[in-house]
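Peer 1: Quick one, protein_22.cif (mmCIF, C-alpha atoms and all ligand atoms):
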data_target
#
loop_
_atom_site.label_atom_id
_atom_site.label_comp_id
_atom_site.auth_asym_id
_atom_site.auth_seq_id
_atom_site.Cartn_x
_atom_site.Cartn_y
_atom_site.Cartn_z
CA MET A 1440 24.08 -29.27 3.47
CA GLY A 1441 21.24 -29.65 0.93
CA SER A 1442 20.29 -32.63 -1.20
CA PHE A 1443 23.62 -32.46 -3.04
CA LYS A 1444 26.37 -34.45 -1.35
CA ILE A 1445 29.33 -32.63 -2.79
CA ARG A 1446 32.85 -32.66 -1.36
CA LYS A 1447 35.29 -32.56 -4.27
CA ILE A 1448 35.15 -30.18 -7.23
CA LEU A 1449 37.38 -30.21 -10.32
CA LEU A 1450 38.14 -26.78 -11.84
CA LEU A 1451 39.20 -26.82 -15.50
CA ASP A 1452 39.87 -24.39 -18.37
CA GLY A 1453 41.65 -21.72 -16.29
CA VAL A 1454 38.51 -20.53 -14.50
CA ASP A 1455 39.42 -17.47 -12.39
CA ALA A 1456 40.97 -18.26 -8.99
CA ILE A 1457 38.15 -16.52 -7.10
CA CYS A 1458 36.01 -19.58 -7.86
CA ALA A 1459 38.36 -21.90 -5.96
CA THR A 1460 38.75 -19.41 -3.13
CA LYS A 1461 35.00 -19.16 -2.61
CA LEU A 1462 34.36 -22.90 -2.92
CA GLU A 1463 37.15 -23.67 -0.44
CA ALA A 1464 35.86 -21.04 1.97
CA ALA A 1465 32.58 -22.98 1.95
CA GLY A 1466 34.45 -26.16 2.95
CA LEU A 1467 34.65 -27.78 -0.48
CA GLU A 1468 37.80 -29.49 -1.71
CA VAL A 1469 38.98 -28.03 -5.01
CA THR A 1470 41.44 -29.46 -7.54
CA ILE A 1471 42.62 -27.10 -10.28
CA LYS A 1472 43.79 -28.55 -13.59
CA PRO A 1473 44.20 -27.01 -17.05
CA LYS A 1474 42.14 -28.41 -19.93
CA LEU A 1475 42.58 -32.21 -19.75
CA SER A 1476 42.85 -34.52 -22.74
CA LYS A 1477 39.71 -36.55 -23.33
CA ASP A 1478 41.34 -39.72 -21.94
CA ASP A 1479 42.66 -37.96 -18.84
CA LEU A 1480 39.28 -36.37 -18.21
CA LEU A 1481 37.54 -39.74 -18.52
CA LYS A 1482 39.92 -41.18 -15.90
CA GLU A 1483 39.88 -38.17 -13.57
CA ILE A 1484 36.19 -37.25 -13.53
CA GLN A 1485 35.18 -40.27 -11.43
CA ASN A 1486 36.88 -38.68 -8.39
CA TYR A 1487 34.61 -35.62 -8.26
CA GLU A 1488 31.06 -34.70 -7.42
CA GLY A 1489 31.32 -31.36 -9.23
CA VAL A 1490 33.18 -29.99 -12.24
CA VAL A 1491 33.58 -26.41 -13.46
CA VAL A 1492 34.45 -25.55 -17.08
CA ARG A 1493 34.64 -22.63 -19.50
CA SER A 1494 34.06 -23.41 -23.17
CA ALA A 1495 37.11 -25.56 -23.96
CA THR A 1496 36.29 -28.80 -22.14
CA GLN A 1497 33.54 -30.93 -23.67
CA ILE A 1498 31.33 -32.51 -21.04
CA THR A 1499 29.90 -35.22 -23.26
CA ALA A 1500 27.54 -38.11 -22.45
CA GLU A 1501 30.66 -40.29 -22.23
CA VAL A 1502 32.30 -37.98 -19.68
CA LEU A 1503 29.07 -37.83 -17.68
CA ALA A 1504 28.83 -41.64 -17.69
CA ALA A 1505 32.43 -41.88 -16.48
CA GLY A 1506 31.70 -39.34 -13.74
CA THR A 1507 29.79 -41.82 -11.60
CA ARG A 1508 29.79 -39.48 -8.57
CA LEU A 1509 29.06 -36.33 -10.54
CA GLN A 1510 26.10 -34.23 -9.34
CA MET A 1511 26.87 -30.76 -10.67
CA VAL A 1512 28.44 -29.22 -13.79
CA GLY A 1513 29.17 -25.50 -13.64
CA ARG A 1514 29.75 -23.42 -16.76
CA ALA A 1515 31.60 -20.15 -16.11
CA GLY A 1516 29.90 -18.33 -18.98
CA VAL A 1517 26.67 -18.30 -20.99
CA GLY A 1518 26.66 -20.95 -23.71
CA THR A 1519 26.32 -24.55 -22.63
CA ASP A 1520 26.97 -26.02 -26.07
CA ASN A 1521 30.06 -27.81 -24.71
CA ILE A 1522 27.89 -29.68 -22.19
CA ASP A 1523 25.46 -32.46 -23.11
CA VAL A 1524 22.67 -30.98 -20.99
CA ASP A 1525 20.15 -33.68 -21.99
CA ALA A 1526 22.51 -36.48 -20.96
CA ALA A 1527 23.25 -34.65 -17.69
CA THR A 1528 19.54 -34.22 -17.00
CA ARG A 1529 18.90 -37.92 -17.65
CA ARG A 1530 21.57 -38.76 -15.07
CA GLY A 1531 20.18 -36.26 -12.56
CA VAL A 1532 23.25 -34.01 -12.85
CA LEU A 1533 22.51 -30.30 -12.37
CA VAL A 1534 23.99 -28.00 -15.03
CA MET A 1535 24.32 -24.33 -14.15
CA ASN A 1536 25.69 -21.41 -16.15
CA THR A 1537 26.29 -17.74 -15.32
CA PRO A 1538 24.28 -15.92 -17.99
CA THR A 1539 24.92 -12.31 -17.00
CA GLY A 1540 28.56 -12.09 -15.89
CA ASN A 1541 30.14 -11.57 -19.31
CA THR A 1542 27.39 -9.58 -21.06
CA ILE A 1543 29.24 -6.24 -20.95
CA SER A 1544 32.53 -7.73 -22.14
CA ALA A 1545 30.89 -9.52 -25.07
CA ALA A 1546 28.96 -6.36 -26.00
CA GLU A 1547 32.12 -4.21 -25.83
CA HIS A 1548 34.01 -6.74 -27.95
CA THR A 1549 31.25 -6.61 -30.56
CA CYS A 1550 31.42 -2.82 -30.64
CA ALA A 1551 35.21 -2.99 -30.98
CA LEU A 1552 34.82 -5.26 -34.02
CA ILE A 1553 32.24 -2.93 -35.57
CA CYS A 1554 34.58 0.05 -35.10
CA SER A 1555 37.55 -1.93 -36.45
CA LEU A 1556 35.59 -2.91 -39.56
CA GLY A 1557 34.51 0.66 -40.24
CA ARG A 1558 38.07 1.99 -40.20
CA CYS A 1559 40.26 -1.02 -41.23
CA LEU A 1560 42.07 -0.68 -37.89
CA PRO A 1561 43.86 -4.07 -37.72
CA GLN A 1562 44.81 -3.97 -41.41
CA ALA A 1563 46.25 -0.45 -41.18
CA CYS A 1564 48.05 -1.32 -37.95
CA GLU A 1565 49.61 -4.45 -39.48
CA SER A 1566 50.67 -2.49 -42.55
CA LEU A 1567 52.30 0.27 -40.49
CA LYS A 1568 54.08 -2.22 -38.25
CA GLY A 1569 55.46 -3.67 -41.47
CA GLY A 1570 56.99 -0.26 -42.24
CA VAL A 1571 54.39 0.86 -44.81
CA TRP A 1572 52.88 4.35 -44.48
CA ASP A 1573 49.77 3.98 -46.67
CA ARG A 1574 46.97 6.49 -46.11
CA LYS A 1575 45.04 5.72 -49.31
CA LYS A 1576 44.50 1.99 -48.90
CA PHE A 1577 42.68 2.29 -45.60
CA MET A 1578 39.88 4.74 -46.30
CA GLY A 1579 36.99 3.96 -44.00
CA ASN A 1580 33.37 4.86 -43.48
CA GLU A 1581 31.74 6.72 -40.62
CA LEU A 1582 29.36 4.74 -38.45
CA TYR A 1583 27.34 7.96 -38.07
CA GLY A 1584 23.93 7.56 -39.68
CA LYS A 1585 24.48 3.93 -40.66
CA THR A 1586 22.02 1.17 -39.84
CA LEU A 1587 22.99 -1.62 -37.47
CA ALA A 1588 20.83 -4.77 -37.52
CA ILE A 1589 20.90 -6.81 -34.35
CA ILE A 1590 19.69 -10.38 -34.64
CA GLY A 1591 18.89 -11.57 -31.12
CA LEU A 1592 17.72 -8.88 -28.73
CA GLY A 1593 18.76 -10.55 -25.49
CA ARG A 1594 21.27 -9.31 -22.95
CA ILE A 1595 24.23 -8.76 -25.29
CA GLY A 1596 22.24 -7.59 -28.34
CA ARG A 1597 20.58 -4.82 -26.32
CA GLU A 1598 23.85 -3.66 -24.75
CA VAL A 1599 25.40 -3.46 -28.24
CA ALA A 1600 22.49 -1.30 -29.40
CA HIS A 1601 22.87 1.02 -26.42
CA ARG A 1602 26.58 1.53 -27.12
CA MET A 1603 26.39 1.89 -30.91
CA GLN A 1604 23.61 4.47 -30.59
CA ALA A 1605 26.29 6.71 -29.07
CA PHE A 1606 27.85 6.67 -32.57
CA ASN A 1607 24.47 7.73 -33.96
CA MET A 1608 23.79 4.38 -35.60
CA THR A 1609 20.15 3.53 -36.25
CA CYS A 1610 19.38 0.19 -34.63
CA ILE A 1611 16.92 -2.27 -36.12
CA GLY A 1612 16.52 -5.82 -34.89
CA TYR A 1613 14.81 -9.17 -34.90
CA ASP A 1614 14.02 -11.56 -32.07
CA PRO A 1615 10.98 -13.86 -32.18
CA PHE A 1616 10.71 -13.72 -28.39
CA VAL A 1617 10.97 -9.94 -27.91
CA SER A 1618 8.00 -7.69 -28.63
CA ALA A 1619 8.26 -4.54 -30.72
CA ALA A 1620 7.40 -2.54 -27.59
CA ALA A 1621 10.22 -4.14 -25.58
CA ALA A 1622 12.67 -3.52 -28.43
CA ALA A 1623 11.50 0.11 -28.66
CA GLU A 1624 12.48 0.63 -25.01
CA TRP A 1625 16.07 0.13 -26.22
CA ASN A 1626 15.50 2.38 -29.25
CA ILE A 1627 15.55 -0.64 -31.53
CA GLU A 1628 13.00 -0.90 -34.32
CA ALA A 1629 11.83 -4.53 -34.41
CA LEU A 1630 11.31 -5.80 -37.96
CA PRO A 1631 10.82 -9.13 -39.73
CA LEU A 1632 14.05 -10.54 -41.16
CA ASP A 1633 13.08 -9.88 -44.77
CA GLU A 1634 12.79 -6.16 -43.97
CA ILE A 1635 16.07 -6.20 -42.04
CA TRP A 1636 18.38 -7.54 -44.75
CA PRO A 1637 18.01 -4.76 -47.35
CA ARG A 1638 18.29 -1.99 -44.74
CA ALA A 1639 21.34 -3.06 -42.78
CA ASP A 1640 24.83 -1.62 -43.26
CA TYR A 1641 26.09 -3.81 -40.42
CA ILE A 1642 24.55 -7.03 -39.09
CA THR A 1643 25.54 -8.46 -35.72
CA VAL A 1644 24.19 -11.77 -34.43
CA HIS A 1645 23.50 -12.42 -30.74
CA THR A 1646 21.47 -15.62 -30.59
CA PRO A 1647 22.41 -19.03 -29.24
CA LEU A 1648 23.36 -21.63 -31.86
CA LEU A 1649 20.17 -23.67 -32.27
CA PRO A 1650 18.80 -25.70 -35.19
CA HIS A 1651 16.77 -22.64 -36.26
CA THR A 1652 19.68 -20.19 -35.94
CA ARG A 1653 22.29 -22.37 -37.70
CA ASN A 1654 23.22 -20.68 -41.01
CA LEU A 1655 20.76 -17.86 -40.27
CA LEU A 1656 23.02 -15.77 -42.48
CA GLY A 1657 23.57 -18.07 -45.43
CA GLU A 1658 24.18 -17.89 -49.16
CA GLU A 1659 20.78 -16.49 -50.16
CA VAL A 1660 20.71 -13.81 -47.49
CA LEU A 1661 24.30 -12.68 -48.07
CA MET A 1662 24.29 -12.86 -51.86
CA THR A 1663 20.79 -11.67 -52.72
CA LYS A 1664 18.94 -10.14 -49.77
CA CYS A 1665 21.52 -7.96 -48.02
CA LYS A 1666 22.70 -4.56 -49.16
CA PRO A 1667 25.86 -4.94 -51.26
CA GLY A 1668 28.84 -4.17 -49.02
CA VAL A 1669 27.10 -5.20 -45.80
CA LYS A 1670 29.45 -5.92 -42.89
CA VAL A 1671 28.76 -8.91 -40.66
CA VAL A 1672 29.79 -9.48 -37.04
CA ASN A 1673 29.56 -12.71 -35.03
CA VAL A 1674 30.51 -12.69 -31.35
CA ALA A 1675 27.82 -15.27 -30.53
CA ARG A 1676 28.50 -18.76 -31.87
CA GLY A 1677 30.23 -20.16 -34.94
CA GLY A 1678 27.68 -21.59 -37.37
CA ILE A 1679 25.05 -18.83 -37.03
CA VAL A 1680 26.75 -17.27 -40.04
CA ASP A 1681 27.48 -19.88 -42.73
CA GLU A 1682 31.28 -19.62 -43.00
CA ALA A 1683 31.55 -20.97 -46.56
CA ALA A 1684 28.79 -18.63 -47.79
CA LEU A 1685 30.43 -15.69 -45.99
CA LEU A 1686 33.76 -16.37 -47.66
CA ARG A 1687 32.08 -16.55 -51.07
CA ALA A 1688 30.21 -13.29 -50.38
CA LEU A 1689 33.47 -11.59 -49.32
CA GLU A 1690 35.26 -12.85 -52.41
CA ALA A 1691 32.39 -11.66 -54.61
CA GLY A 1692 32.46 -8.24 -52.94
CA ARG A 1693 28.81 -8.65 -51.85
CA CYS A 1694 29.97 -8.59 -48.26
CA GLY A 1695 32.19 -5.63 -47.35
CA GLY A 1696 33.81 -7.12 -44.27
CA ALA A 1697 33.34 -9.47 -41.34
CA GLY A 1698 34.25 -9.31 -37.67
CA LEU A 1699 34.48 -12.82 -36.25
CA ASP A 1700 35.17 -13.94 -32.69
CA VAL A 1701 33.65 -17.41 -32.93
CA PHE A 1702 34.00 -20.25 -35.41
CA THR A 1703 32.23 -23.46 -36.34
CA THR A 1704 35.35 -25.37 -35.30
CA GLU A 1705 37.54 -23.82 -32.61
CA PRO A 1706 40.37 -23.46 -33.32
CA PRO A 1707 39.48 -23.41 -37.02
CA THR A 1708 40.93 -26.18 -39.16
CA ASP A 1709 40.76 -24.01 -42.29
CA TYR A 1710 42.03 -20.42 -42.02
CA ALA A 1711 40.84 -19.16 -45.43
CA LEU A 1712 38.10 -17.03 -43.85
CA CYS A 1713 40.38 -15.58 -41.15
CA ARG A 1714 43.00 -14.73 -43.76
CA HIS A 1715 40.60 -12.81 -46.03
CA PRO A 1716 41.83 -9.18 -46.07
CA LYS A 1717 38.41 -7.85 -45.09
CA VAL A 1718 38.07 -10.10 -42.05
CA VAL A 1719 38.90 -8.89 -38.56
CA CYS A 1720 39.08 -11.88 -36.28
CA THR A 1721 39.80 -12.83 -32.68
CA PRO A 1722 40.09 -16.27 -31.04
CA HIS A 1723 36.84 -16.35 -28.99
CA LEU A 1724 37.83 -13.41 -26.80
CA GLY A 1725 34.36 -11.93 -26.24
CA ALA A 1726 34.37 -12.80 -22.55
CA SER A 1727 38.12 -12.60 -22.05
CA THR A 1728 38.41 -9.66 -19.71
CA PHE A 1729 39.63 -9.78 -16.13
CA GLU A 1730 36.34 -8.26 -15.02
CA ALA A 1731 34.10 -10.79 -16.79
CA GLN A 1732 36.17 -13.80 -15.81
CA GLU A 1733 36.22 -12.78 -12.18
CA ARG A 1734 32.48 -12.09 -12.27
CA VAL A 1735 31.46 -15.41 -13.86
CA ALA A 1736 33.81 -17.39 -11.58
CA GLU A 1737 32.46 -15.67 -8.47
CA GLU A 1738 28.83 -16.03 -9.56
CA LEU A 1739 29.30 -19.70 -10.31
CA ALA A 1740 30.96 -20.38 -6.95
CA ASP A 1741 28.11 -18.58 -5.17
CA GLN A 1742 25.52 -20.58 -7.12
CA MET A 1743 27.26 -23.89 -6.34
CA VAL A 1744 27.65 -23.10 -2.65
CA SER A 1745 24.00 -22.07 -2.48
CA ALA A 1746 22.86 -25.34 -4.07
CA VAL A 1747 25.15 -27.45 -1.86
CA SER A 1748 23.99 -25.71 1.31
CA GLY A 1749 20.29 -26.09 0.59
CA GLY A 1750 19.77 -22.52 -0.69
CA PRO A 1751 18.18 -21.46 -3.99
CA ILE A 1752 19.33 -23.48 -6.98
CA ALA A 1753 20.30 -21.77 -10.23
CA GLY A 1754 20.25 -24.32 -13.02
CA LEU A 1755 19.26 -24.71 -16.62
P1 LIG A 1801 20.35 -14.12 -24.37
O1 LIG A 1801 19.71 -15.43 -24.06
O2 LIG A 1801 20.20 -13.02 -23.40
O3 LIG A 1801 19.89 -13.60 -25.81
C1 LIG A 1801 19.73 -14.44 -26.90
C2 LIG A 1801 18.52 -13.94 -27.66
O4 LIG A 1801 18.43 -14.64 -28.90
C3 LIG A 1801 17.20 -14.18 -26.92
O5 LIG A 1801 16.54 -12.94 -26.69
C4 LIG A 1801 16.41 -15.08 -27.85
O6 LIG A 1801 15.03 -14.79 -27.84
C5 LIG A 1801 17.04 -14.72 -29.19
N1 LIG A 1801 16.77 -15.68 -30.25
C6 LIG A 1801 16.58 -17.03 -30.19
N2 LIG A 1801 16.33 -17.51 -31.41
C7 LIG A 1801 16.38 -16.46 -32.28
C8 LIG A 1801 16.22 -16.33 -33.69
N3 LIG A 1801 15.92 -17.38 -34.45
N4 LIG A 1801 16.33 -15.11 -34.23
C9 LIG A 1801 16.61 -14.02 -33.46
N5 LIG A 1801 16.76 -14.08 -32.12
C10 LIG A 1801 16.66 -15.29 -31.53
O7 LIG A 1801 21.91 -14.48 -24.60
P2 LIG A 1801 23.15 -13.49 -24.54
O8 LIG A 1801 23.70 -13.52 -23.15
O9 LIG A 1801 22.78 -12.21 -25.15
O10 LIG A 1801 24.18 -14.30 -25.45
C11 LIG A 1801 24.00 -14.35 -26.85
C12 LIG A 1801 25.01 -15.30 -27.48
O11 LIG A 1801 26.34 -14.83 -27.26
C13 LIG A 1801 25.01 -16.73 -26.96
O12 LIG A 1801 25.18 -17.61 -28.06
C14 LIG A 1801 26.24 -16.82 -26.10
O13 LIG A 1801 26.74 -18.10 -25.94
C15 LIG A 1801 27.18 -15.92 -26.88
N6 LIG A 1801 28.29 -15.37 -26.11
C16 LIG A 1801 29.53 -15.35 -26.69
C17 LIG A 1801 30.58 -14.81 -26.01
C18 LIG A 1801 31.96 -14.79 -26.60
O14 LIG A 1801 32.92 -14.89 -25.87
N7 LIG A 1801 32.10 -14.65 -27.90
C19 LIG A 1801 30.40 -14.28 -24.72
C20 LIG A 1801 29.14 -14.30 -24.17
C21 LIG A 1801 28.08 -14.85 -24.87
C1 LIG A 1802 30.00 -17.76 -23.34
O1 LIG A 1802 29.12 -18.42 -23.89
O2 LIG A 1802 29.89 -17.33 -22.18
C2 LIG A 1802 31.21 -17.43 -24.12
O3 LIG A 1802 31.48 -18.29 -25.12
C3 LIG A 1802 32.35 -16.94 -23.34
C4 LIG A 1802 33.37 -17.93 -22.85
O4 LIG A 1802 33.05 -18.83 -22.12
O5 LIG A 1802 34.53 -17.74 -23.14
#
Rewrite the structure from the file as structure tokens, please.
Ligand code: NAD
Ligand code: MLT
Peer 2:
Amino acid sequence: MGSFKIRKILLLDGVDAICATKLEAAGLEVTIKPKLSKDDLLKEIQNYEGVVVRSATQITAEVLAAGTRLQMVGRAGVGTDNIDVDAATRRGVLVMNTPTGNTISAAEHTCALICSLGRCLPQACESLKGGVWDRKKFMGNELYGKTLAIIGLGRIGREVAHRMQAFNMTCIGYDPFVSAAAAAEWNIEALPLDEIWPRADYITVHTPLLPHTRNLLGEEVLMTKCKPGVKVVNVARGGIVDEAALLRALEAGRCGGAGLDVFTTEPPTDYALCRHPKVVCTPHLGASTFEAQERVAEELADQMVSAVSGGPIAGL
């Protein structure tokens, strides 16, 4: 065994069973629990050297302090916003995520929202299920020849571009850390944000939520810089699109629709945005496929076993 002295691991948030199977096969003792209340987690965490979560459980500084034996926190997914990584680092606790396992699922979910927005699919479906045969109300637009702006040209952003180009959408994009040449390899024209807003028919965001990406799409951008009728998609993190500004832009008709998988507060405390007739929304389902969940759970187990047995360490 390596420098980690890990025997007991707590698996939370319904992480796929393959994770437990692989950890146990490596001789680790695994306890599976659903999402615990904050108080129960604070009591329970002291019994484990490792914990595995999805996005529901918050591994705060308080939880880390209570986890006196904790050496490793595994995140079965990309975003680590539910883990206080700085506090973990200060305590010498390794935090590892699985950045690639759910890329395809999140990209496909984004494309599904774009298609749904173009053709009012959920609204027409709901209407028909209610016994109303209305072919006039749900006129759509082709995606063919429209311009898709992708903000954040990382793993998911690029896969979205690749797929939407099959619909003959023109892809433009912005990422301060991706060169124009690298973007061009994915047939994406890299542009500064001020040139993106007036050209985009659809905007999809694929950045992490950081101080400089919070409210990236806010009042000014939505109300004055974007093309009237622009449609906005967020399968990244709630808060990148300013929810209050988006609702105002939808109500004013400046924004023609929004596809939302993520919210500033999850579950939302205010459903006004979800209930807007031009909003297509899902409860953070971007990575919720059997394939992605199995992949991230397996990758995480492999990474943990490798670290525990003195092999390469994948960490943040
Ligand atoms: P990634 O790290 O591969 O890509 C993120 C990109 O954002 C990077 O290329 C980075 O340079 C860029 N970026 C950073 N700041 C920027 C800015 N100010 N403007 C434009 N670009 C900027 O990450 P990814 O795997 O593609 O994931 C993207 C996001 O999707 C993350 O927030 C992740 O948590 C989220 N996600 C959500 C789901 C879901 O279930 N809804 C699933 C997977 C990932
Ligand atoms: C992620 O960051 O990986 C996503 O939010 C997906 C998830 O964990 O459900």
Peer 1: How many Å lie between CA of Leu1467 (chain A) and CA of Lys1482 (chain A), rounded to one decimal?
Peer 2: 21.1 Å
Peer 1: Work out how far apart CA of Gly1750 (chain A) and CA of Thr1528 (chain A) are and give it in Å to one decimal.
Peer 2: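 Computing it gives 20.1 Å between the two atoms.
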Peer 1: Report the closest atom pair, with its distance in Å rounded to one decimal, for each residue of chain A that has an atom no farther than 7 Å from ligand LIG 1802 (chain A); count all atoms listed in the file, sort by chain and then rising residue number, and write it as CSV.
Peer 2:
residue,atom,partner,partner_atom,distance
A:Arg1493,CA,A:LIG1802,O4,4.9
A:Ser1494,CA,A:LIG1802,O4,4.8
A:Ala1515,CA,A:LIG1802,O4,6.3
A:Gly1516,CA,A:LIG1802,O2,3.4
A:Val1517,CA,A:LIG1802,O2,3.6
A:Gly1518,CA,A:LIG1802,O1,3.5
A:Thr1519,CA,A:LIG1802,O1,6.9
A:Asn1541,CA,A:LIG1802,O2,6.4
A:His1723,CA,A:LIG1802,O5,6.4
A:Leu1724,CA,A:LIG1802,O5,6.6
A:Gly1725,CA,A:LIG1802,C3,6.1
A:Ala1726,CA,A:LIG1802,C3,4.7
A:Ser1727,CA,A:LIG1802,O5,6.4
Peer 1: Do you know which residues are at most 9 Å from region 1608-1624 of chain A counting only C-alpha atoms, after dropping those on the same chain fewer than 2 positions away, and could you put them as a PDB file with C-alpha atoms, in the coordinates of the input?
Peer 2:
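Dumped to out15.pdb:
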ATOM      1  CA  LEU A1582      29.360   4.740 -38.450  1.00  0.00           C
ATOM      2  CA  TYR A1583      27.340   7.960 -38.070  1.00  0.00           C
ATOM      3  CA  GLY A1584      23.930   7.560 -39.680  1.00  0.00           C
ATOM      4  CA  LYS A1585      24.480   3.930 -40.660  1.00  0.00           C
ATOM      5  CA  THR A1586      22.020   1.170 -39.840  1.00  0.00           C
ATOM      6  CA  LEU A1587      22.990  -1.620 -37.470  1.00  0.00           C
ATOM      7  CA  ALA A1588      20.830  -4.770 -37.520  1.00  0.00           C
ATOM      8  CA  ILE A1589      20.900  -6.810 -34.350  1.00  0.00           C
ATOM      9  CA  ILE A1590      19.690 -10.380 -34.640  1.00  0.00           C
ATOM     10  CA  GLY A1591      18.890 -11.570 -31.120  1.00  0.00           C
ATOM     11  CA  LEU A1592      17.720  -8.880 -28.730  1.00  0.00           C
ATOM     12  CA  GLY A1593      18.760 -10.550 -25.490  1.00  0.00           C
ATOM     13  CA  GLY A1596      22.240  -7.590 -28.340  1.00  0.00           C
ATOM     14  CA  ARG A1597      20.580  -4.820 -26.320  1.00  0.00           C
ATOM     15  CA  ALA A1600      22.490  -1.300 -29.400  1.00  0.00           C
ATOM     16  CA  HIS A1601      22.870   1.020 -26.420  1.00  0.00           C
ATOM     17  CA  MET A1603      26.390   1.890 -30.910  1.00  0.00           C
ATOM     18  CA  GLN A1604      23.610   4.470 -30.590  1.00  0.00           C
ATOM     19  CA  ALA A1605      26.290   6.710 -29.070  1.00  0.00           C
ATOM     20  CA  PHE A1606      27.850   6.670 -32.570  1.00  0.00           C
ATOM     21  CA  ASN A1626      15.500   2.380 -29.250  1.00  0.00           C
ATOM     22  CA  ILE A1627      15.550  -0.640 -31.530  1.00  0.00           C
ATOM     23  CA  GLU A1628      13.000  -0.900 -34.320  1.00  0.00           C
ATOM     24  CA  ALA A1629      11.830  -4.530 -34.410  1.00  0.00           C
ATOM     25  CA  LEU A1630      11.310  -5.800 -37.960  1.00  0.00           C
ATOM     26  CA  PRO A1631      10.820  -9.130 -39.730  1.00  0.00           C
ATOM     27  CA  LEU A1632      14.050 -10.540 -41.160  1.00  0.00           C
ATOM     28  CA  ILE A1635      16.070  -6.200 -42.040  1.00  0.00           C
ATOM     29  CA  ARG A1638      18.290  -1.990 -44.740  1.00  0.00           C
ATOM     30  CA  ALA A1639      21.340  -3.060 -42.780  1.00  0.00           C
ATOM     31  CA  THR A1646      21.470 -15.620 -30.590  1.00  0.00           C
TER      32      THR A1646
END
Peer 1: Kindly indicate which residue among A:Glu1547, A:Glu1733, A:Asp1573, A:Glu1463 lies nearest to ligand LIG 1801 (chain A), using all atoms listed in the file for the distances.
Peer 2: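 Under the stated criterion, the closest residue is A:Glu1547.
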Peer 1: Please, what distance in Å, to one decimal, runs between CA of Gly1692 (chain A) and CA of Gly1668 (chain A)?
Peer 2: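 We find that CA of Gly1692 (chain A) and CA of Gly1668 (chain A) lie 6.7 Å from each other.
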Peer 1: Hey, which of A:Gly1531, A:Gly1570, A:Pro1706, A:Gly1677 ends up closest to ligand LIG 1801 (chain A)? Count all atoms listed in the file.
Peer 2: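 Closest residue, counting all atoms listed in the file: A:Gly1677.
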Peer 1: Skipping near chain neighbours, those fewer than 6 positions away, what residues fall within 12 Å of region 1657-1665 of chain A using only C-alpha atoms, listed as a VMD selection string?
Peer 2: chain A and resid 1588 1632 to 1642 1671 1678 to 1697
Peer 1: Quick one: residues within 8 Å of Leu1739 (chain A), only C-alpha atoms counted, chain neighbours fewer than 2 positions away excluded, as JSON, numbers by chain?
Peer 2: {"A": [1458, 1513, 1514, 1515, 1535, 1536, 1537, 1735, 1736, 1737, 1741, 1742, 1743]}
Peer 1: Which one is closest to ligand LIG 1801 (chain A): A:Ile1543, A:Val1718, A:Leu1475, A:Leu1462? Count all atoms listed in the file.
Peer 2: A:Ile1543
Peer 1: Between A:Phe1729, A:Tyr1710, A:Phe1702, A:Tyr1487, which has the minimum distance to ligand LIG 1801 (chain A) (counting all atoms listed in the file)?
Peer 2: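 Among the listed residues, A:Phe1702 lies closest to ligand LIG 1801 (chain A).
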Peer 1: Taking all atoms listed in the file into account, name the residue in A:Val1491, A:Ile1484, A:Met1578, A:Leu1552 that is nearest to Ala1456 (chain A).
Peer 2: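 Answer, going by the shortest atom-to-atom distance: A:Val1491.
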Peer 1: For ligand LIG 1801 (chain A), which residue out of A:Ala1711, A:Cys1720, A:Val1644, A:Val1512 is the nearest one, using only C-alpha atoms and all ligand atoms?
Peer 2: A:Val1644
Peer 1: Do you know which residues are at most 10 Å from Thr1499 (chain A) counting only C-alpha atoms, after dropping those on the same chain fewer than 5 positions away, and could you put them as a list of chain:residue names?
Peer 2: A:Lys1477, A:Ala1504, A:Ala1505, A:Asn1521, A:Ile1522, A:Asp1523, A:Val1524, A:Asp1525, A:Ala1526, A:Ala1527
Peer 1: Which polymer residues have any atom within 12 Å of an atom of Lys1444 (chain A), counting all atoms listed in the file, with same-chain residues fewer than 2 positions away left out, as number ranges by chain?
Peer 2: A: 1440-1442, 1446-1448, 1467, 1487-1489, 1508-1511, 1532, 1743-1744, 1746-1749
